[in-house]
Amino acid sequence: MATLREISKKIGISIATISRVINGAENVSEETRKKVLKALQEYHYQPPQVARKKLHYLVGIIVPNLLGNHYNMISESIELELSKHGYDSFVTSTHLLLNKEIEILEQFFSRRVDGIIICTTKNDDKHIEKLIRSAIPVVAVDRNDSDINVDTVGIDNYHSAYMAMKYLYNKGHRDIIFVSGEREYYSAKIREKAVIDFSKKYNINLKVLEGNFEFEGGYNSIKKYLEKNGKDFSAIFFINDQVALGGARAIYEAGYSIPDDISIIGFDNDNYSKYLYPPLTTIHQPRKEMGENAAKLLVERIEGKGSKVKRKIILPTKIIERNSVKEVKK
């Protein structure tokens with residue numbers, strides 16, 4: 001393990017310039033920055049406080065929120081995998097506020113965390129690039145495609161939603177409601193686009209209702225719709241299982257049954273979905289595997305074992321067929 005002074009002598013670049021690279025400064029040429037980063041990795045450089053105290057590597061995890069199951073499950077899986085490698089980690093949420101996210105990233109940067117796993121939007125590319133310039137490894141999870149050179153782990157939200165619509169179509173459903181989530185989440189926008197594209201291609205009578213990713217999103221949207229329009233559809237595709245559970249209550253309160261009167265399908269395959277009555281047909285999202293893969297990619301980056309090119313892992317989804325969808329006459 002070399003010091004900055006030793007690295008400076010070996011590569012012929014001043015300590016001041018090396019420090020600017022470590023701190024993500026922009027007034028360094030790309031050629032010099034790459035040379036310094038390569039040397040830091042080659043000579044296994046660690047900040048003095050880490051080398052002196054022999055601290056564990058520290059990873060910061062950023063998520064939009066810690067409500068429900070989605071980001072909780074991903075975060076827990078990340079933490080468990082990191083702990084296997086002797087890494088410490090902590091989770092913080094942005095509450096979907098870009099300013100809050102920028103503040104968190106700046107705190108991570110100033111605290112010199114060893115790596116960051118981030119589940120956010122595309123609006124933060126500039127700030128992630130600063131981290132990458134400073135040699136802090138970053139892995140993005142469940143995030144929209146980006147032009148920045150960062151490893152990503154996720155699913156194909158478009159294909160998954162399209163698959164759900166095709167499943168309903170093959171069951172004979174032609175009048176379908178889609179309950180979406182907040183469009184600040186790219187997954188909601190992508191899934192909605194897939195639903196609309198499928199409906200146009202196969203001449204589906206589609207109605208899109210605004211919701212969110214929580215129970216009340218499904219309950220309120222379906223309750224209001226049934227009160228105003230009655231049952232002029234045969235199936236509902238919910239943005240996730242929590243929303244489906246809320247929607248199911250509104251269906252029962254209106255005097256309808258599932259699936260005899262209305263078929264429903266969710267997304268995520270939450271643990272409780274198979275215990276609902278009837279058990280919920282849903283799209284399985286491999287959140288545990290998403291977290292594990294993100295942690296492994298980051299460990300490889302931190303320890304200098306990963307590929308030099310951007311890596312993109314797309315994990316498969318599948319339909320979990322249960323009893324909440326009924327086949328109807330075509």
# chains A, B, ... in the order shown; residues from 1 in each chain; ligands from 1
>>> residues_around(residues="Gly266 of chain A", least_positions_apart="3", cutoff="9 Å", atoms="only C-alpha atoms", output="PDB file with N, CA and C atoms, in the first residue's frame")
ATOM      1  N   ALA A 164     -47.522  -8.578 -18.711  1.00  0.00           N
ATOM      2  CA  ALA A 164     -48.748  -8.610 -17.904  1.00  0.00           C
ATOM      3  C   ALA A 164     -49.977  -8.338 -18.762  1.00  0.00           C
ATOM      4  N   ILE A 236     -58.109  -5.406 -14.144  1.00  0.00           N
ATOM      5  CA  ILE A 236     -57.281  -4.282 -13.707  1.00  0.00           C
ATOM      6  C   ILE A 236     -55.837  -4.751 -13.566  1.00  0.00           C
ATOM      7  N   PHE A 237     -54.936  -3.971 -14.126  1.00  0.00           N
ATOM      8  CA  PHE A 237     -53.501  -4.188 -13.940  1.00  0.00           C
ATOM      9  C   PHE A 237     -53.009  -3.073 -13.019  1.00  0.00           C
ATOM     10  N   PHE A 238     -52.522  -3.461 -11.839  1.00  0.00           N
ATOM     11  CA  PHE A 238     -52.046  -2.500 -10.845  1.00  0.00           C
ATOM     12  C   PHE A 238     -50.531  -2.367 -10.927  1.00  0.00           C
ATOM     13  N   ILE A 239     -50.033  -1.161 -10.662  1.00  0.00           N
ATOM     14  CA  ILE A 239     -48.606  -0.870 -10.765  1.00  0.00           C
ATOM     15  C   ILE A 239     -47.773  -1.723  -9.826  1.00  0.00           C
ATOM     16  N   ASN A 240     -48.335  -2.123  -8.674  1.00  0.00           N
ATOM     17  CA  ASN A 240     -47.648  -3.062  -7.791  1.00  0.00           C
ATOM     18  C   ASN A 240     -48.657  -3.790  -6.904  1.00  0.00           C
ATOM     19  N   ASP A 241     -48.184  -4.706  -6.092  1.00  0.00           N
ATOM     20  CA  ASP A 241     -49.080  -5.546  -5.284  1.00  0.00           C
ATOM     21  C   ASP A 241     -49.769  -4.754  -4.180  1.00  0.00           C
ATOM     22  N   GLN A 242     -49.075  -3.781  -3.601  1.00  0.00           N
ATOM     23  CA  GLN A 242     -49.714  -2.969  -2.563  1.00  0.00           C
ATOM     24  C   GLN A 242     -50.911  -2.214  -3.120  1.00  0.00           C
ATOM     25  N   VAL A 243     -50.746  -1.641  -4.279  1.00  0.00           N
ATOM     26  CA  VAL A 243     -51.839  -0.924  -4.932  1.00  0.00           C
ATOM     27  C   VAL A 243     -52.972  -1.895  -5.267  1.00  0.00           C
ATOM     28  N   ALA A 244     -52.602  -3.112  -5.663  1.00  0.00           N
ATOM     29  CA  ALA A 244     -53.610  -4.130  -5.979  1.00  0.00           C
ATOM     30  C   ALA A 244     -54.418  -4.485  -4.736  1.00  0.00           C
ATOM     31  N   LEU A 245     -53.753  -4.565  -3.593  1.00  0.00           N
ATOM     32  CA  LEU A 245     -54.458  -4.902  -2.358  1.00  0.00           C
ATOM     33  C   LEU A 245     -55.453  -3.804  -1.986  1.00  0.00           C
ATOM     34  N   ASN A 269     -44.715  -9.388  -6.708  1.00  0.00           N
ATOM     35  CA  ASN A 269     -44.777 -10.651  -5.979  1.00  0.00           C
ATOM     36  C   ASN A 269     -44.318 -10.464  -4.537  1.00  0.00           C
ATOM     37  N   SER A 273     -48.648 -11.702  -1.127  1.00  0.00           N
ATOM     38  CA  SER A 273     -49.531 -11.830  -2.292  1.00  0.00           C
ATOM     39  C   SER A 273     -50.176 -13.208  -2.406  1.00  0.00           C
ATOM     40  N   LEU A 280     -53.012 -13.547  -5.304  1.00  0.00           N
ATOM     41  CA  LEU A 280     -52.849 -12.551  -6.352  1.00  0.00           C
ATOM     42  C   LEU A 280     -51.910 -13.018  -7.458  1.00  0.00           C
ATOM     43  N   THR A 281     -52.409 -12.998  -8.696  1.00  0.00           N
ATOM     44  CA  THR A 281     -51.552 -13.167  -9.861  1.00  0.00           C
ATOM     45  C   THR A 281     -50.681 -11.917  -9.981  1.00  0.00           C
ATOM     46  N   THR A 282     -49.398 -12.083 -10.248  1.00  0.00           N
ATOM     47  CA  THR A 282     -48.496 -10.928 -10.214  1.00  0.00           C
ATOM     48  C   THR A 282     -47.251 -11.191 -11.055  1.00  0.00           C
ATOM     49  N   ILE A 283     -46.489 -10.133 -11.256  1.00  0.00           N
ATOM     50  CA  ILE A 283     -45.194 -10.242 -11.932  1.00  0.00           C
ATOM     51  C   ILE A 283     -44.106 -10.289 -10.855  1.00  0.00           C
TER      52      ILE A 283
END
>>> residues_around(residues="Ile117 of chain A", least_positions_apart="4", cutoff="7 Å", atoms="only C-alpha atoms", output="PyMOL selection string")
chain A and resi 60-62+138-140
>>> write_last_selection(atoms="N, CA, C and O atoms", output="mmCIF file, in the first residue's frame")
data_model
loop_
_atom_site.group_PDB
_atom_site.id
_atom_site.type_symbol
_atom_site.label_atom_id
_atom_site.label_comp_id
_atom_site.auth_asym_id
_atom_site.auth_seq_id
_atom_site.Cartn_x
_atom_site.Cartn_y
_atom_site.Cartn_z
ATOM 1 N N GLY A 60 -22.449 3.949 1.147
ATOM 2 C CA GLY A 60 -23.693 4.686 1.318
ATOM 3 C C GLY A 60 -24.738 4.198 0.321
ATOM 4 O O GLY A 60 -24.420 3.966 -0.852
ATOM 5 N N ILE A 61 -25.962 4.009 0.782
ATOM 6 C CA ILE A 61 -27.056 3.536 -0.067
ATOM 7 C C ILE A 61 -28.145 4.612 -0.090
ATOM 8 O O ILE A 61 -28.619 5.033 0.961
ATOM 9 N N ILE A 62 -28.534 5.040 -1.279
ATOM 10 C CA ILE A 62 -29.557 6.076 -1.418
ATOM 11 C C ILE A 62 -30.793 5.485 -2.091
ATOM 12 O O ILE A 62 -30.690 4.851 -3.151
ATOM 13 N N VAL A 138 -19.576 3.858 -8.057
ATOM 14 C CA VAL A 138 -21.024 4.014 -7.957
ATOM 15 C C VAL A 138 -21.707 2.902 -8.739
ATOM 16 O O VAL A 138 -21.303 2.585 -9.860
ATOM 17 N N VAL A 139 -22.742 2.316 -8.139
ATOM 18 C CA VAL A 139 -23.594 1.344 -8.832
ATOM 19 C C VAL A 139 -25.033 1.836 -8.712
ATOM 20 O O VAL A 139 -25.477 2.237 -7.636
ATOM 21 N N ALA A 140 -25.753 1.832 -9.821
ATOM 22 C CA ALA A 140 -27.146 2.288 -9.843
ATOM 23 C C ALA A 140 -28.077 1.085 -9.901
ATOM 24 O O ALA A 140 -27.830 0.128 -10.635
#
>>> residues_around(residues="Asn323 of chain A", least_positions_apart="3", cutoff="10 Å", atoms="only C-alpha atoms", output="ChimeraX atom specification")
/A:258-259,263-265,274,276-281,320,326
>>> write_last_selection(atoms="N, CA and C atoms", output="PDB file, in the first residue's frame")
ATOM      1  N   ILE A 258     -63.736 -11.067  -6.836  1.00  0.00           N
ATOM      2  CA  ILE A 258     -62.511 -11.332  -7.606  1.00  0.00           C
ATOM      3  C   ILE A 258     -62.292 -12.840  -7.638  1.00  0.00           C
ATOM      4  N   PRO A 259     -62.136 -13.483  -8.789  1.00  0.00           N
ATOM      5  CA  PRO A 259     -62.069 -12.907 -10.134  1.00  0.00           C
ATOM      6  C   PRO A 259     -63.391 -13.019 -10.917  1.00  0.00           C
ATOM      7  N   SER A 263     -61.136  -9.340 -12.749  1.00  0.00           N
ATOM      8  CA  SER A 263     -59.822  -9.971 -12.609  1.00  0.00           C
ATOM      9  C   SER A 263     -58.783  -8.904 -12.293  1.00  0.00           C
ATOM     10  N   ILE A 264     -57.796  -9.258 -11.458  1.00  0.00           N
ATOM     11  CA  ILE A 264     -56.746  -8.295 -11.136  1.00  0.00           C
ATOM     12  C   ILE A 264     -55.372  -8.958 -11.211  1.00  0.00           C
ATOM     13  N   ILE A 265     -54.377  -8.144 -11.581  1.00  0.00           N
ATOM     14  CA  ILE A 265     -52.992  -8.609 -11.628  1.00  0.00           C
ATOM     15  C   ILE A 265     -52.114  -7.513 -11.039  1.00  0.00           C
ATOM     16  N   LYS A 274     -49.429 -14.243  -2.052  1.00  0.00           N
ATOM     17  CA  LYS A 274     -49.987 -15.594  -2.152  1.00  0.00           C
ATOM     18  C   LYS A 274     -50.962 -15.908  -1.034  1.00  0.00           C
ATOM     19  N   LEU A 276     -53.338 -13.655  -0.021  1.00  0.00           N
ATOM     20  CA  LEU A 276     -54.584 -12.922  -0.230  1.00  0.00           C
ATOM     21  C   LEU A 276     -55.679 -13.893  -0.662  1.00  0.00           C
ATOM     22  N   TYR A 277     -56.918 -13.421  -0.598  1.00  0.00           N
ATOM     23  CA  TYR A 277     -58.015 -14.277  -1.053  1.00  0.00           C
ATOM     24  C   TYR A 277     -58.820 -13.539  -2.118  1.00  0.00           C
ATOM     25  N   PRO A 278     -58.774 -14.032  -3.356  1.00  0.00           N
ATOM     26  CA  PRO A 278     -57.937 -15.150  -3.820  1.00  0.00           C
ATOM     27  C   PRO A 278     -56.467 -14.722  -3.934  1.00  0.00           C
ATOM     28  N   PRO A 279     -55.565 -15.682  -3.975  1.00  0.00           N
ATOM     29  CA  PRO A 279     -54.143 -15.349  -4.138  1.00  0.00           C
ATOM     30  C   PRO A 279     -53.930 -14.504  -5.395  1.00  0.00           C
ATOM     31  N   LEU A 280     -53.012 -13.547  -5.304  1.00  0.00           N
ATOM     32  CA  LEU A 280     -52.849 -12.551  -6.352  1.00  0.00           C
ATOM     33  C   LEU A 280     -51.910 -13.018  -7.458  1.00  0.00           C
ATOM     34  N   THR A 281     -52.409 -12.998  -8.696  1.00  0.00           N
ATOM     35  CA  THR A 281     -51.552 -13.167  -9.861  1.00  0.00           C
ATOM     36  C   THR A 281     -50.681 -11.917  -9.981  1.00  0.00           C
ATOM     37  N   ILE A 320     -46.347 -14.879 -12.022  1.00  0.00           N
ATOM     38  CA  ILE A 320     -46.731 -15.849 -11.000  1.00  0.00           C
ATOM     39  C   ILE A 320     -48.249 -15.990 -11.108  1.00  0.00           C
ATOM     40  N   LYS A 326     -59.438 -14.429 -14.120  1.00  0.00           N
ATOM     41  CA  LYS A 326     -60.361 -15.408 -14.697  1.00  0.00           C
ATOM     42  C   LYS A 326     -60.354 -15.283 -16.217  1.00  0.00           C
TER      43      LYS A 326
END
>>> residues_around(residues="Glu6 of chain A", least_positions_apart="5", cutoff="10 Å", atoms="only C-alpha atoms", output="mmCIF file with N, CA and C atoms, in the first residue's frame")
data_model
loop_
_atom_site.group_PDB
_atom_site.id
_atom_site.type_symbol
_atom_site.label_atom_id
_atom_site.label_comp_id
_atom_site.auth_asym_id
_atom_site.auth_seq_id
_atom_site.Cartn_x
_atom_site.Cartn_y
_atom_site.Cartn_z
ATOM 1 N N MET A 1 0.861 -1.187 0.000
ATOM 2 C CA MET A 1 0.000 0.000 0.000
ATOM 3 C C MET A 1 0.895 1.233 0.000
ATOM 4 N N ILE A 11 4.690 8.198 -10.620
ATOM 5 C CA ILE A 11 4.006 8.581 -11.872
ATOM 6 C C ILE A 11 4.373 9.986 -12.335
ATOM 7 N N GLY A 12 5.169 10.706 -11.538
ATOM 8 C CA GLY A 12 5.625 12.024 -11.955
ATOM 9 C C GLY A 12 4.556 13.090 -11.967
ATOM 10 N N ILE A 15 1.611 15.943 -5.830
ATOM 11 C CA ILE A 15 0.646 15.543 -4.808
ATOM 12 C C ILE A 15 -0.596 16.426 -4.889
ATOM 13 N N TYR A 43 -1.639 0.786 -6.944
ATOM 14 C CA TYR A 43 -0.844 0.788 -5.715
ATOM 15 C C TYR A 43 -1.705 0.686 -4.451
#
>>> closest_atom_pairs(of="segment 190-305 of chain A", to="segment 68-88 of chain A", cutoff="6 Å", atoms="only C-alpha atoms", output="JSON lines")
{"residue": "A:Arg287", "atom": "CA", "partner": "A:Ile74", "partner_atom": "CA", "distance": 5.4}
{"residue": "A:Lys288", "atom": "CA", "partner": "A:Ser77", "partner_atom": "CA", "distance": 5.4}
{"residue": "A:Gly291", "atom": "CA", "partner": "A:Ile78", "partner_atom": "CA", "distance": 4.5}
{"residue": "A:Glu292", "atom": "CA", "partner": "A:Ile78", "partner_atom": "CA", "distance": 5.4}
{"residue": "A:Ala295", "atom": "CA", "partner": "A:Ile78", "partner_atom": "CA", "distance": 5.3}
>>> select_by_dssp(residues="segment 97-317 of chain A", states="helix (DSSP H, G or I)", output="ChimeraX atom specification")
/A:98-111,122-133,157-170,186-201,215-229,241-253,271-275,287-302
>>> select_by_dssp(residues="segment 152-279 of chain A", states="strand (DSSP E)", output="list in words")
Thr152, Val153, Gly154, Ile155, Asp175, Ile176, Ile177, Phe178, Val179, Asn205, Leu206, Lys207, Val208, Leu209, Ala235, Ile236, Phe237, Phe238, Ser263, Ile264, Ile265, Gly266, Phe267 and Asp268 of chain A
>>> residues_around(residues="Gly217 of chain A", least_positions_apart="6", cutoff="9 Å", atoms="only C-alpha atoms", output="CSV table (one decimal) with N, CA, C and O atoms, in the first residue's frame")
chain,number,residue,atom,x,y,z
A,179,VAL,N,-53.8,1.0,-13.2
A,179,VAL,CA,-53.6,2.0,-12.2
A,179,VAL,C,-52.1,2.2,-12.0
A,179,VAL,O,-51.4,1.3,-11.6
A,180,SER,N,-51.7,3.4,-12.4
A,180,SER,CA,-50.3,3.7,-12.4
A,180,SER,C,-49.8,4.2,-11.1
A,180,SER,O,-50.5,4.4,-10.1
A,181,GLY,N,-48.5,4.6,-11.0
A,181,GLY,CA,-47.9,5.1,-9.8
A,181,GLY,C,-47.4,6.5,-10.1
A,181,GLY,O,-47.6,7.1,-11.2
A,210,GLU,N,-54.6,7.5,-12.3
A,210,GLU,CA,-53.5,7.9,-11.6
A,210,GLU,C,-53.6,7.3,-10.1
A,210,GLU,O,-54.6,7.3,-9.5
A,211,GLY,N,-52.4,6.9,-9.7
A,211,GLY,CA,-52.4,6.3,-8.3
A,211,GLY,C,-51.1,6.7,-7.7
A,211,GLY,O,-50.4,7.7,-8.0
A,242,GLN,N,-49.1,-3.8,-3.6
A,242,GLN,CA,-49.7,-3.0,-2.6
A,242,GLN,C,-50.9,-2.2,-3.1
A,242,GLN,O,-52.0,-2.1,-2.5
A,243,VAL,N,-50.7,-1.6,-4.3
A,243,VAL,CA,-51.8,-0.9,-4.9
A,243,VAL,C,-53.0,-1.9,-5.3
A,243,VAL,O,-54.2,-1.6,-5.1
A,244,ALA,N,-52.6,-3.1,-5.7
A,244,ALA,CA,-53.6,-4.1,-6.0
A,244,ALA,C,-54.4,-4.5,-4.7
A,244,ALA,O,-55.6,-4.7,-4.8
A,246,GLY,N,-55.0,-2.6,-2.1
A,246,GLY,CA,-56.0,-1.5,-1.9
A,246,GLY,C,-57.1,-1.5,-2.9
A,246,GLY,O,-58.3,-1.3,-2.5
A,247,GLY,N,-56.8,-1.7,-4.1
A,247,GLY,CA,-57.9,-1.8,-5.1
A,247,GLY,C,-58.9,-2.9,-4.9
A,247,GLY,O,-60.1,-2.8,-5.1
>>> closest_residue(among="A:Asp151, A:Glu216, A:Glu42, A:Glu227", to="Ile314 of chain A", atoms="only C-alpha atoms")
A:Asp151
>>> atom_distance(atom1="atom CA of Asp232 of chain A", atom2="atom CA of Asn203 of chain A")
16.1 Å
>>> residues_around(residues="His95 of chain A", least_positions_apart="2", cutoff="8 Å", atoms="only C-alpha atoms", output="PyMOL selection string")
chain A and resi 64-65+93+97+100
>>> residues_around(residues="Arg33 of chain A", least_positions_apart="2", cutoff="9 Å", atoms="only C-alpha atoms", output="ChimeraX atom specification")
/A:17-18,21,28-31,35-38,133-134
>>> closest_residue(among="A:His173, A:Lys166, A:Arg20, A:Lys223", to="Tyr256 of chain A", atoms="only C-alpha atoms")
A:Lys223
>>> closest_residue(among="A:Asn205, A:Thr3, A:Asn212, A:Asn157", to="Tyr186 of chain A", atoms="only C-alpha atoms")
A:Asn157
>>> closest_residue(among="A:Val299, A:Ala16, A:Ile313, A:Cys119", to="Val59 of chain A", atoms="only C-alpha atoms")
A:Val299
>>> atom_distance(atom1="atom CA of Met290 of chain A", atom2="atom CA of Tyr272 of chain A")
19.8 Å
